[in-house]
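entry_15.cif (mmCIF, N, CA, C and O atoms) appears below.
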```
data_model
#
loop_
_atom_site.label_atom_id
_atom_site.label_comp_id
_atom_site.auth_asym_id
_atom_site.auth_seq_id
_atom_site.Cartn_x
_atom_site.Cartn_y
_atom_site.Cartn_z
N MET A 23 0.95 -57.59 4.78
CA MET A 23 1.67 -56.46 4.23
C MET A 23 0.93 -55.94 3.02
O MET A 23 0.37 -56.68 2.24
N THR A 24 0.94 -54.63 2.84
CA THR A 24 0.24 -54.00 1.74
C THR A 24 1.03 -54.17 0.45
O THR A 24 2.24 -54.02 0.42
N ASP A 25 0.30 -54.49 -0.62
CA ASP A 25 0.94 -54.54 -1.93
C ASP A 25 0.95 -53.12 -2.49
O ASP A 25 -0.08 -52.46 -2.54
N TYR A 26 2.11 -52.69 -2.91
CA TYR A 26 2.23 -51.35 -3.47
C TYR A 26 1.77 -51.35 -4.92
O TYR A 26 1.91 -52.35 -5.62
N PRO A 27 1.24 -50.22 -5.40
CA PRO A 27 0.77 -50.17 -6.79
C PRO A 27 1.94 -50.32 -7.75
O PRO A 27 3.04 -49.83 -7.49
N THR A 28 1.68 -50.99 -8.86
CA THR A 28 2.72 -51.19 -9.87
C THR A 28 2.44 -50.40 -11.13
O THR A 28 3.27 -50.37 -12.03
N ASN A 29 1.26 -49.77 -11.20
CA ASN A 29 0.94 -48.91 -12.34
C ASN A 29 0.02 -47.80 -11.88
O ASN A 29 -0.60 -47.89 -10.81
N PRO A 30 -0.06 -46.72 -12.65
CA PRO A 30 -0.84 -45.54 -12.22
C PRO A 30 -2.31 -45.82 -11.93
O PRO A 30 -2.91 -45.17 -11.08
N THR A 31 -2.91 -46.78 -12.60
CA THR A 31 -4.34 -47.02 -12.37
C THR A 31 -4.60 -47.64 -11.00
O THR A 31 -5.72 -47.55 -10.49
N ASP A 32 -3.59 -48.26 -10.38
CA ASP A 32 -3.76 -48.87 -9.06
C ASP A 32 -3.56 -47.88 -7.92
O ASP A 32 -3.87 -48.19 -6.76
N VAL A 33 -3.04 -46.70 -8.22
CA VAL A 33 -2.72 -45.73 -7.16
C VAL A 33 -3.95 -45.27 -6.39
O VAL A 33 -3.93 -45.25 -5.15
N PRO A 34 -5.05 -44.88 -7.03
CA PRO A 34 -6.22 -44.42 -6.25
C PRO A 34 -6.73 -45.48 -5.27
O PRO A 34 -7.06 -45.16 -4.12
N ASP A 35 -6.78 -46.74 -5.68
CA ASP A 35 -7.24 -47.79 -4.77
C ASP A 35 -6.27 -47.94 -3.60
O ASP A 35 -6.68 -48.13 -2.45
N PHE A 36 -5.00 -47.86 -3.90
CA PHE A 36 -3.99 -47.97 -2.84
C PHE A 36 -4.14 -46.84 -1.83
O PHE A 36 -4.18 -47.07 -0.62
N LEU A 37 -4.27 -45.60 -2.33
CA LEU A 37 -4.38 -44.45 -1.44
C LEU A 37 -5.66 -44.49 -0.62
O LEU A 37 -5.66 -44.10 0.56
N SER A 38 -6.74 -44.94 -1.20
CA SER A 38 -8.00 -44.98 -0.45
C SER A 38 -7.97 -46.03 0.66
O SER A 38 -8.73 -45.95 1.61
N GLY A 39 -7.09 -47.00 0.54
CA GLY A 39 -6.98 -48.04 1.57
C GLY A 39 -6.05 -47.67 2.72
O GLY A 39 -5.95 -48.40 3.70
N LEU A 40 -5.38 -46.54 2.63
CA LEU A 40 -4.46 -46.12 3.69
C LEU A 40 -5.22 -45.53 4.86
O LEU A 40 -6.25 -44.88 4.67
N GLU A 41 -4.71 -45.74 6.05
CA GLU A 41 -5.32 -45.17 7.25
C GLU A 41 -4.35 -44.17 7.85
O GLU A 41 -3.17 -44.46 8.01
N TYR A 42 -4.87 -42.98 8.17
CA TYR A 42 -4.04 -41.92 8.73
C TYR A 42 -4.41 -41.71 10.18
O TYR A 42 -5.57 -41.75 10.55
N SER A 43 -3.37 -41.46 11.01
CA SER A 43 -3.63 -41.24 12.43
C SER A 43 -2.48 -40.43 13.02
O SER A 43 -1.34 -40.48 12.53
N ASP A 44 -2.76 -39.68 14.05
CA ASP A 44 -1.73 -38.93 14.76
C ASP A 44 -1.15 -39.73 15.92
O ASP A 44 -0.26 -39.26 16.62
N VAL A 45 -1.65 -40.94 16.12
CA VAL A 45 -1.17 -41.79 17.21
C VAL A 45 0.20 -42.36 16.81
O VAL A 45 0.34 -42.92 15.72
N PRO A 46 1.22 -42.21 17.65
CA PRO A 46 2.54 -42.76 17.31
C PRO A 46 2.49 -44.27 17.13
O PRO A 46 1.73 -44.98 17.79
N VAL A 47 3.30 -44.76 16.24
CA VAL A 47 3.38 -46.20 15.99
C VAL A 47 4.30 -46.82 17.03
O VAL A 47 5.36 -46.29 17.35
N ASP A 48 3.88 -47.95 17.55
CA ASP A 48 4.70 -48.70 18.49
C ASP A 48 5.95 -49.17 17.76
O ASP A 48 5.86 -49.76 16.68
N PRO A 49 7.15 -48.92 18.29
CA PRO A 49 8.39 -49.32 17.61
C PRO A 49 8.42 -50.81 17.24
O PRO A 49 9.02 -51.19 16.24
N ALA A 50 7.73 -51.64 18.01
CA ALA A 50 7.72 -53.08 17.70
C ALA A 50 6.94 -53.36 16.42
O ALA A 50 7.14 -54.40 15.79
N GLU A 51 6.05 -52.44 16.02
CA GLU A 51 5.25 -52.63 14.83
C GLU A 51 5.89 -52.07 13.56
O GLU A 51 5.39 -52.28 12.47
N VAL A 52 6.98 -51.35 13.71
CA VAL A 52 7.65 -50.76 12.55
C VAL A 52 8.33 -51.88 11.77
O VAL A 52 9.11 -52.65 12.32
N PRO A 53 8.02 -51.99 10.48
CA PRO A 53 8.65 -53.06 9.70
C PRO A 53 10.14 -52.79 9.48
O PRO A 53 10.57 -51.64 9.50
N PRO A 54 10.91 -53.84 9.29
CA PRO A 54 12.34 -53.64 9.03
C PRO A 54 12.53 -52.99 7.66
O PRO A 54 11.64 -53.05 6.81
N PRO A 55 13.69 -52.41 7.43
CA PRO A 55 13.95 -51.82 6.11
C PRO A 55 13.86 -52.90 5.04
O PRO A 55 14.13 -54.08 5.30
N LEU A 56 13.47 -52.49 3.82
CA LEU A 56 13.35 -53.46 2.74
C LEU A 56 14.69 -54.12 2.43
O LEU A 56 14.76 -55.32 2.20
N CYS A 57 15.74 -53.35 2.41
CA CYS A 57 17.09 -53.88 2.14
C CYS A 57 18.00 -53.42 3.26
O CYS A 57 18.52 -52.31 3.24
N PRO A 58 18.24 -54.27 4.25
CA PRO A 58 19.04 -53.83 5.41
C PRO A 58 20.46 -53.41 5.04
O PRO A 58 21.09 -52.68 5.77
N ASP A 59 20.97 -53.86 3.90
CA ASP A 59 22.33 -53.51 3.50
C ASP A 59 22.41 -52.14 2.83
O ASP A 59 23.49 -51.61 2.63
N ASP A 60 21.26 -51.58 2.45
CA ASP A 60 21.27 -50.28 1.78
C ASP A 60 21.67 -49.18 2.74
O ASP A 60 21.26 -49.15 3.90
N THR A 61 22.47 -48.27 2.25
CA THR A 61 22.90 -47.12 3.03
C THR A 61 21.96 -45.96 2.73
O THR A 61 21.63 -45.71 1.58
N VAL A 62 21.56 -45.26 3.76
CA VAL A 62 20.72 -44.08 3.57
C VAL A 62 21.62 -42.97 3.04
O VAL A 62 22.69 -42.71 3.56
N THR A 63 21.19 -42.32 1.97
CA THR A 63 21.97 -41.22 1.42
C THR A 63 21.17 -39.93 1.52
O THR A 63 19.94 -39.95 1.58
N VAL A 64 21.88 -38.84 1.59
CA VAL A 64 21.25 -37.52 1.64
C VAL A 64 21.83 -36.66 0.53
O VAL A 64 22.96 -36.87 0.10
N THR A 65 21.04 -35.72 0.08
CA THR A 65 21.50 -34.79 -0.94
C THR A 65 22.11 -33.57 -0.27
O THR A 65 21.53 -33.01 0.65
N THR A 66 23.30 -33.19 -0.71
CA THR A 66 23.99 -32.04 -0.16
C THR A 66 24.29 -31.06 -1.28
O THR A 66 24.85 -31.45 -2.31
N SER A 67 23.92 -29.83 -1.08
CA SER A 67 24.21 -28.80 -2.07
C SER A 67 25.60 -28.24 -1.80
O SER A 67 25.97 -27.98 -0.65
N LEU A 68 26.37 -28.06 -2.85
CA LEU A 68 27.74 -27.59 -2.71
C LEU A 68 28.00 -26.52 -3.75
O LEU A 68 27.79 -26.74 -4.94
N ARG A 69 28.44 -25.36 -3.32
CA ARG A 69 28.75 -24.28 -4.25
C ARG A 69 30.26 -24.27 -4.49
O ARG A 69 31.04 -24.11 -3.55
N ILE A 70 30.63 -24.45 -5.75
CA ILE A 70 32.05 -24.42 -6.12
C ILE A 70 32.20 -23.56 -7.37
O ILE A 70 31.26 -23.41 -8.14
N PRO A 71 33.39 -23.00 -7.58
CA PRO A 71 33.60 -22.20 -8.78
C PRO A 71 33.42 -23.04 -10.05
O PRO A 71 33.66 -24.25 -10.04
N LEU A 72 33.03 -22.37 -11.13
CA LEU A 72 32.78 -23.06 -12.40
C LEU A 72 33.99 -23.85 -12.87
O LEU A 72 33.86 -25.00 -13.30
N ASP A 73 35.19 -23.25 -12.79
CA ASP A 73 36.37 -23.96 -13.27
C ASP A 73 36.64 -25.23 -12.47
O ASP A 73 37.02 -26.26 -13.02
N LEU A 74 36.39 -25.19 -11.16
CA LEU A 74 36.57 -26.39 -10.34
C LEU A 74 35.53 -27.45 -10.71
O LEU A 74 35.85 -28.63 -10.82
N HIS A 75 34.31 -27.02 -10.94
CA HIS A 75 33.24 -27.93 -11.36
C HIS A 75 33.63 -28.64 -12.66
O HIS A 75 33.49 -29.85 -12.79
N GLN A 76 34.15 -27.87 -13.61
CA GLN A 76 34.55 -28.45 -14.89
C GLN A 76 35.70 -29.43 -14.73
O GLN A 76 35.73 -30.47 -15.39
N ARG A 77 36.65 -29.12 -13.85
CA ARG A 77 37.78 -30.03 -13.62
C ARG A 77 37.31 -31.34 -12.97
O ARG A 77 37.76 -32.42 -13.34
N VAL A 78 36.39 -31.23 -12.01
CA VAL A 78 35.86 -32.44 -11.36
C VAL A 78 35.07 -33.26 -12.37
O VAL A 78 35.20 -34.50 -12.42
N LYS A 79 34.27 -32.59 -13.19
CA LYS A 79 33.47 -33.29 -14.20
C LYS A 79 34.38 -34.04 -15.17
O LYS A 79 34.13 -35.20 -15.50
N LYS A 80 35.45 -33.39 -15.60
CA LYS A 80 36.40 -34.04 -16.52
C LYS A 80 37.07 -35.24 -15.85
O LYS A 80 37.22 -36.30 -16.46
N ALA A 81 37.47 -35.08 -14.60
CA ALA A 81 38.09 -36.19 -13.87
C ALA A 81 37.13 -37.36 -13.73
O ALA A 81 37.53 -38.53 -13.86
N ALA A 82 35.87 -37.07 -13.48
CA ALA A 82 34.86 -38.13 -13.36
C ALA A 82 34.67 -38.85 -14.69
O ALA A 82 34.59 -40.08 -14.74
N GLU A 83 34.61 -38.07 -15.78
CA GLU A 83 34.45 -38.68 -17.11
C GLU A 83 35.63 -39.57 -17.45
O GLU A 83 35.46 -40.65 -18.01
N GLN A 84 36.83 -39.14 -17.10
CA GLN A 84 38.03 -39.94 -17.37
C GLN A 84 38.02 -41.26 -16.60
O GLN A 84 38.57 -42.26 -17.06
N ARG A 85 37.39 -41.25 -15.43
CA ARG A 85 37.32 -42.46 -14.61
C ARG A 85 36.04 -43.27 -14.88
O ARG A 85 35.81 -44.29 -14.28
N ASN A 86 35.19 -42.76 -15.74
CA ASN A 86 33.94 -43.44 -16.09
C ASN A 86 33.00 -43.58 -14.88
O ASN A 86 32.37 -44.63 -14.70
N VAL A 87 32.95 -42.56 -14.06
CA VAL A 87 32.05 -42.54 -12.90
C VAL A 87 31.31 -41.21 -12.89
O VAL A 87 31.68 -40.28 -13.60
N THR A 88 30.27 -41.13 -12.07
CA THR A 88 29.55 -39.87 -11.93
C THR A 88 30.36 -38.91 -11.06
O THR A 88 31.23 -39.33 -10.29
N MET A 89 30.03 -37.63 -11.19
CA MET A 89 30.69 -36.65 -10.32
C MET A 89 30.38 -36.95 -8.86
O MET A 89 31.26 -36.84 -8.01
N SER A 90 29.15 -37.34 -8.57
CA SER A 90 28.78 -37.65 -7.18
C SER A 90 29.63 -38.78 -6.62
O SER A 90 30.12 -38.70 -5.49
N ALA A 91 29.81 -39.83 -7.41
CA ALA A 91 30.60 -40.97 -6.94
C ALA A 91 32.05 -40.55 -6.70
O ALA A 91 32.66 -40.94 -5.69
N LEU A 92 32.60 -39.75 -7.60
CA LEU A 92 33.99 -39.31 -7.45
C LEU A 92 34.15 -38.43 -6.22
O LEU A 92 35.08 -38.63 -5.43
N ILE A 93 33.25 -37.48 -6.04
CA ILE A 93 33.33 -36.60 -4.87
C ILE A 93 33.16 -37.39 -3.59
O ILE A 93 33.87 -37.15 -2.60
N ARG A 94 32.23 -38.36 -3.56
CA ARG A 94 32.08 -39.22 -2.37
C ARG A 94 33.38 -39.96 -2.06
O ARG A 94 33.82 -40.02 -0.92
N ASP A 95 34.01 -40.53 -3.12
CA ASP A 95 35.28 -41.24 -2.92
C ASP A 95 36.34 -40.32 -2.35
O ASP A 95 37.08 -40.69 -1.44
N TRP A 96 36.44 -39.11 -2.91
CA TRP A 96 37.46 -38.17 -2.43
C TRP A 96 37.20 -37.77 -0.98
O TRP A 96 38.13 -37.64 -0.18
N ILE A 97 35.95 -37.55 -0.63
CA ILE A 97 35.62 -37.20 0.76
C ILE A 97 35.98 -38.35 1.69
O ILE A 97 36.58 -38.14 2.76
N GLU A 98 35.63 -39.57 1.31
CA GLU A 98 35.96 -40.73 2.14
C GLU A 98 37.46 -40.89 2.31
O GLU A 98 37.95 -41.18 3.41
N LEU A 99 38.22 -40.69 1.23
CA LEU A 99 39.68 -40.79 1.31
C LEU A 99 40.26 -39.74 2.25
O LEU A 99 41.13 -40.03 3.08
N GLU A 100 39.78 -38.51 2.12
CA GLU A 100 40.29 -37.43 2.96
C GLU A 100 39.93 -37.66 4.43
O GLU A 100 40.76 -37.46 5.32
N LEU A 101 38.70 -38.10 4.69
CA LEU A 101 38.31 -38.37 6.07
C LEU A 101 39.12 -39.51 6.66
O LEU A 101 39.52 -39.46 7.83
N ALA A 102 39.38 -40.55 5.87
CA ALA A 102 40.20 -41.66 6.36
C ALA A 102 41.60 -41.17 6.70
O ALA A 102 42.19 -41.56 7.72
N THR A 103 42.13 -40.28 5.86
CA THR A 103 43.46 -39.71 6.11
C THR A 103 43.45 -38.90 7.40
O THR A 103 44.34 -39.03 8.23
N LEU A 104 42.43 -38.07 7.55
CA LEU A 104 42.35 -37.23 8.75
C LEU A 104 42.18 -38.07 10.02
O LEU A 104 42.75 -37.76 11.06
N GLU A 105 41.38 -39.13 9.93
CA GLU A 105 41.13 -39.97 11.11
C GLU A 105 42.38 -40.73 11.51
O GLU A 105 42.57 -41.06 12.69
N ASN A 106 43.25 -41.04 10.55
CA ASN A 106 44.47 -41.80 10.85
C ASN A 106 45.69 -40.90 10.98
O ASN A 106 46.80 -41.37 11.13
N ASP A 107 45.48 -39.59 10.88
CA ASP A 107 46.57 -38.64 10.93
C ASP A 107 47.15 -38.56 12.34
O ASP A 107 46.43 -38.65 13.33
N GLN A 108 48.45 -38.38 12.41
CA GLN A 108 49.13 -38.21 13.69
C GLN A 108 49.66 -36.78 13.74
O GLN A 108 50.73 -36.49 13.20
N PRO A 109 48.96 -35.86 14.36
CA PRO A 109 49.42 -34.48 14.39
C PRO A 109 50.76 -34.36 15.11
O PRO A 109 51.04 -35.08 16.07
N ILE A 110 51.61 -33.46 14.59
CA ILE A 110 52.89 -33.19 15.25
C ILE A 110 52.98 -31.70 15.50
O ILE A 110 52.26 -30.90 14.89
N SER A 111 53.90 -31.32 16.37
CA SER A 111 54.04 -29.90 16.67
C SER A 111 54.72 -29.19 15.52
O SER A 111 55.40 -29.80 14.69
N ARG A 112 54.55 -27.89 15.48
CA ARG A 112 55.18 -27.09 14.42
C ARG A 112 56.70 -27.20 14.53
O ARG A 112 57.40 -27.29 13.52
N ALA A 113 57.21 -27.21 15.75
CA ALA A 113 58.66 -27.30 15.95
C ALA A 113 59.19 -28.61 15.37
O ALA A 113 60.23 -28.64 14.71
N ASP A 114 58.46 -29.72 15.60
CA ASP A 114 58.90 -31.02 15.04
C ASP A 114 58.87 -30.99 13.52
O ASP A 114 59.76 -31.54 12.86
N ALA A 115 57.84 -30.36 12.95
CA ALA A 115 57.74 -30.28 11.49
C ALA A 115 58.90 -29.46 10.92
O ALA A 115 59.51 -29.84 9.92
N LEU A 116 59.23 -28.34 11.56
CA LEU A 116 60.34 -27.51 11.08
C LEU A 116 61.67 -28.25 11.20
O LEU A 116 62.52 -28.16 10.31
N ARG A 117 61.86 -28.99 12.29
CA ARG A 117 63.10 -29.79 12.44
C ARG A 117 63.20 -30.83 11.34
O ARG A 117 64.27 -31.03 10.75
N ALA A 118 62.07 -31.50 11.04
CA ALA A 118 62.10 -32.53 9.99
C ALA A 118 62.40 -31.91 8.64
O ALA A 118 63.18 -32.46 7.85
N LEU A 119 61.83 -30.76 8.34
CA LEU A 119 62.09 -30.09 7.07
C LEU A 119 63.54 -29.61 6.99
O LEU A 119 64.17 -29.69 5.93
N ALA A 120 64.07 -29.10 8.09
CA ALA A 120 65.46 -28.61 8.09
C ALA A 120 66.45 -29.74 7.87
O ALA A 120 67.54 -29.52 7.33
N ALA A 121 66.06 -30.96 8.25
CA ALA A 121 66.97 -32.10 8.12
C ALA A 121 67.03 -32.64 6.69
O ALA A 121 67.92 -33.41 6.35
N LEU A 122 66.09 -32.22 5.85
CA LEU A 122 66.08 -32.70 4.46
C LEU A 122 67.20 -32.05 3.67
O LEU A 122 67.53 -30.88 3.84
N HIS A 123 67.80 -32.83 2.79
CA HIS A 123 68.84 -32.31 1.93
C HIS A 123 68.21 -31.70 0.70
O HIS A 123 67.25 -32.25 0.15
N PRO A 124 68.72 -30.55 0.22
CA PRO A 124 68.13 -29.97 -0.98
C PRO A 124 68.34 -30.86 -2.19
O PRO A 124 69.30 -31.65 -2.25
N LEU A 125 67.42 -30.77 -3.15
CA LEU A 125 67.53 -31.56 -4.37
C LEU A 125 68.69 -31.06 -5.20
O LEU A 125 68.93 -29.86 -5.31
N ARG A 126 69.41 -31.98 -5.76
CA ARG A 126 70.51 -31.59 -6.68
C ARG A 126 69.92 -31.52 -8.07
O ARG A 126 69.28 -32.45 -8.54
N ARG A 127 70.15 -30.42 -8.72
CA ARG A 127 69.63 -30.25 -10.07
C ARG A 127 70.67 -30.70 -11.07
O ARG A 127 71.82 -30.30 -11.00
N SER A 128 70.22 -31.56 -11.99
CA SER A 128 71.14 -32.02 -13.02
C SER A 128 71.16 -31.02 -14.17
O SER A 128 70.16 -30.42 -14.51
N ALA A 129 72.33 -30.87 -14.75
CA ALA A 129 72.48 -29.89 -15.84
C ALA A 129 72.10 -30.45 -17.17
O ALA A 129 71.90 -31.54 -17.43
#
```
Hey, can you dump this file as structure tokens for me?
Amino acid sequence: MTDYPTNPTDVPDFLSGLEYSDVPVDPAEVPPPLCPDDTVTVTTSLRIPLDLHQRVKKAAEQRNVTMSALIRDWIELELATLENDQPISRADALRALAALHPLRRSA
């Protein structure tokens, strides 16, 4: 296995020792990932209004996490909810709402 450079002065020697080819690599020769438990992540650009951005940033700061971590958590929670959701018909939803008693307001 090739030793990767650990400082800038080793980079030229490392690069000169690489071999380039257009021949596909046999899948059996592909080395396993360095950390099999690591999850591959991708960068996603998201356009949101400034006020929403500020609210998310504040929420992340209050939780002591990054905005990215908070947004990932929220996406995972929503997807889990959607995957476990049991859709009902509109008629069933209206019947359930009609059966609710109105709140009594205390004076």
Could you check the closest approach to Leu92 of chain A for each of A:Leu116, A:Val78, A:Leu37, A:Val62 and tell me which residue wins, using only N, CA, C and O atoms?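 When distances to Leu92 of chain A are compared using only N, CA, C and O atoms, the smallest one comes from A:Val78.
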Two-atom distance - atom CA of Ala113 of chain A, atom N of Leu125 of chain A (Å): 21.3 Å
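Atom pair atom CA of Thr65 of chain A / atom CA of Arg94 of chain A: separated by 11.6 Å.
Our summary of the geometry notes that atom N of Pro71 of chain A is positioned 17.6 Å from atom C of Ala91 of chain A.
With all atoms listed in the file as the basis for measurement, A:Met89 is the residue among A:Ala50, A:Met89, A:Leu122, A:Leu56 that approaches His75 of chain A most closely.
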I'd like the neighbourhood of Pro27 of chain A as a PyMOL selection string, where a residue qualifies if any of its atoms comes within 9 Å (using only C-alpha atoms), though same-chain residues fewer than 6 positions away should be ignored. chain A and resi 33+35-36
Select from chain A everything DSSP, run on the backbone, classes as helix (DSSP H, G or I), then give the selection as number ranges by chain. A: 30-38, 49-51, 72-85, 89-105, 112-120
Could you add all heavy atoms to segment 33-43 of chain A and give me the result as a PDB file, keeping the file's coordinate frame?
```pdb
ATOM      1  N   VAL A  33      -3.040 -46.700  -8.220  1.00  0.00           N
ATOM      2  CA  VAL A  33      -2.720 -45.730  -7.160  1.00  0.00           C
ATOM      3  C   VAL A  33      -3.950 -45.270  -6.390  1.00  0.00           C
ATOM      4  O   VAL A  33      -3.930 -45.250  -5.150  1.00  0.00           O
ATOM      5  CB  VAL A  33      -1.918 -44.537  -7.729  1.00  0.00           C
ATOM      6  CG1 VAL A  33      -1.741 -43.438  -6.688  1.00  0.00           C
ATOM      7  CG2 VAL A  33      -0.567 -45.003  -8.247  1.00  0.00           C
ATOM      8  N   PRO A  34      -5.050 -44.880  -7.030  1.00  0.00           N
ATOM      9  CA  PRO A  34      -6.220 -44.420  -6.250  1.00  0.00           C
ATOM     10  C   PRO A  34      -6.730 -45.480  -5.270  1.00  0.00           C
ATOM     11  O   PRO A  34      -7.060 -45.160  -4.120  1.00  0.00           O
ATOM     12  CB  PRO A  34      -7.266 -44.106  -7.310  1.00  0.00           C
ATOM     13  CG  PRO A  34      -6.484 -43.808  -8.553  1.00  0.00           C
ATOM     14  CD  PRO A  34      -5.282 -44.712  -8.474  1.00  0.00           C
ATOM     15  N   ASP A  35      -6.780 -46.740  -5.680  1.00  0.00           N
ATOM     16  CA  ASP A  35      -7.240 -47.790  -4.770  1.00  0.00           C
ATOM     17  C   ASP A  35      -6.270 -47.940  -3.600  1.00  0.00           C
ATOM     18  O   ASP A  35      -6.680 -48.130  -2.450  1.00  0.00           O
ATOM     19  CB  ASP A  35      -7.363 -49.131  -5.507  1.00  0.00           C
ATOM     20  CG  ASP A  35      -8.531 -49.148  -6.483  1.00  0.00           C
ATOM     21  OD1 ASP A  35      -9.468 -48.339  -6.285  1.00  0.00           O
ATOM     22  OD2 ASP A  35      -8.490 -49.953  -7.436  1.00  0.00           O
ATOM     23  N   PHE A  36      -5.000 -47.860  -3.900  1.00  0.00           N
ATOM     24  CA  PHE A  36      -3.990 -47.970  -2.840  1.00  0.00           C
ATOM     25  C   PHE A  36      -4.140 -46.840  -1.830  1.00  0.00           C
ATOM     26  O   PHE A  36      -4.180 -47.070  -0.620  1.00  0.00           O
ATOM     27  CB  PHE A  36      -2.578 -47.951  -3.453  1.00  0.00           C
ATOM     28  CG  PHE A  36      -1.475 -47.906  -2.440  1.00  0.00           C
ATOM     29  CD1 PHE A  36      -1.117 -49.043  -1.731  1.00  0.00           C
ATOM     30  CD2 PHE A  36      -0.792 -46.722  -2.194  1.00  0.00           C
ATOM     31  CE1 PHE A  36      -0.095 -49.000  -0.797  1.00  0.00           C
ATOM     32  CE2 PHE A  36       0.224 -46.678  -1.260  1.00  0.00           C
ATOM     33  CZ  PHE A  36       0.578 -47.817  -0.558  1.00  0.00           C
ATOM     34  N   LEU A  37      -4.270 -45.600  -2.330  1.00  0.00           N
ATOM     35  CA  LEU A  37      -4.380 -44.450  -1.440  1.00  0.00           C
ATOM     36  C   LEU A  37      -5.660 -44.490  -0.620  1.00  0.00           C
ATOM     37  O   LEU A  37      -5.660 -44.100   0.560  1.00  0.00           O
ATOM     38  CB  LEU A  37      -4.303 -43.151  -2.242  1.00  0.00           C
ATOM     39  CG  LEU A  37      -2.942 -42.849  -2.881  1.00  0.00           C
ATOM     40  CD1 LEU A  37      -3.027 -41.588  -3.734  1.00  0.00           C
ATOM     41  CD2 LEU A  37      -1.857 -42.722  -1.836  1.00  0.00           C
ATOM     42  N   SER A  38      -6.740 -44.940  -1.200  1.00  0.00           N
ATOM     43  CA  SER A  38      -8.000 -44.980  -0.450  1.00  0.00           C
ATOM     44  C   SER A  38      -7.970 -46.030   0.660  1.00  0.00           C
ATOM     45  O   SER A  38      -8.730 -45.950   1.610  1.00  0.00           O
ATOM     46  CB  SER A  38      -9.179 -45.246  -1.387  1.00  0.00           C
ATOM     47  OG  SER A  38      -9.083 -46.545  -1.945  1.00  0.00           O
ATOM     48  N   GLY A  39      -7.090 -47.000   0.540  1.00  0.00           N
ATOM     49  CA  GLY A  39      -6.980 -48.040   1.570  1.00  0.00           C
ATOM     50  C   GLY A  39      -6.050 -47.670   2.720  1.00  0.00           C
ATOM     51  O   GLY A  39      -5.950 -48.400   3.700  1.00  0.00           O
ATOM     52  N   LEU A  40      -5.380 -46.540   2.630  1.00  0.00           N
ATOM     53  CA  LEU A  40      -4.460 -46.120   3.690  1.00  0.00           C
ATOM     54  C   LEU A  40      -5.220 -45.530   4.860  1.00  0.00           C
ATOM     55  O   LEU A  40      -6.250 -44.880   4.670  1.00  0.00           O
ATOM     56  CB  LEU A  40      -3.453 -45.089   3.159  1.00  0.00           C
ATOM     57  CG  LEU A  40      -2.473 -45.575   2.102  1.00  0.00           C
ATOM     58  CD1 LEU A  40      -1.588 -44.413   1.649  1.00  0.00           C
ATOM     59  CD2 LEU A  40      -1.621 -46.720   2.605  1.00  0.00           C
ATOM     60  N   GLU A  41      -4.710 -45.740   6.050  1.00  0.00           N
ATOM     61  CA  GLU A  41      -5.320 -45.170   7.250  1.00  0.00           C
ATOM     62  C   GLU A  41      -4.350 -44.170   7.850  1.00  0.00           C
ATOM     63  O   GLU A  41      -3.170 -44.460   8.010  1.00  0.00           O
ATOM     64  CB  GLU A  41      -5.616 -46.275   8.272  1.00  0.00           C
ATOM     65  CG  GLU A  41      -6.657 -47.260   7.805  1.00  0.00           C
ATOM     66  CD  GLU A  41      -6.890 -48.370   8.812  1.00  0.00           C
ATOM     67  OE1 GLU A  41      -6.502 -48.199   9.991  1.00  0.00           O
ATOM     68  OE2 GLU A  41      -7.446 -49.399   8.422  1.00  0.00           O
ATOM     69  N   TYR A  42      -4.870 -42.980   8.170  1.00  0.00           N
ATOM     70  CA  TYR A  42      -4.040 -41.920   8.730  1.00  0.00           C
ATOM     71  C   TYR A  42      -4.410 -41.710  10.180  1.00  0.00           C
ATOM     72  O   TYR A  42      -5.570 -41.750  10.550  1.00  0.00           O
ATOM     73  CB  TYR A  42      -4.248 -40.623   7.942  1.00  0.00           C
ATOM     74  CG  TYR A  42      -3.887 -40.761   6.483  1.00  0.00           C
ATOM     75  CD1 TYR A  42      -4.864 -41.052   5.532  1.00  0.00           C
ATOM     76  CD2 TYR A  42      -2.581 -40.617   6.064  1.00  0.00           C
ATOM     77  CE1 TYR A  42      -4.538 -41.182   4.189  1.00  0.00           C
ATOM     78  CE2 TYR A  42      -2.243 -40.754   4.731  1.00  0.00           C
ATOM     79  CZ  TYR A  42      -3.224 -41.032   3.797  1.00  0.00           C
ATOM     80  OH  TYR A  42      -2.897 -41.164   2.497  1.00  0.00           O
ATOM     81  N   SER A  43      -3.370 -41.460  11.010  1.00  0.00           N
ATOM     82  CA  SER A  43      -3.630 -41.240  12.430  1.00  0.00           C
ATOM     83  C   SER A  43      -2.480 -40.430  13.020  1.00  0.00           C
ATOM     84  O   SER A  43      -1.340 -40.480  12.530  1.00  0.00           O
ATOM     85  CB  SER A  43      -3.731 -42.585  13.147  1.00  0.00           C
ATOM     86  OG  SER A  43      -3.738 -42.399  14.530  1.00  0.00           O
TER      87      SER A  43
END
```
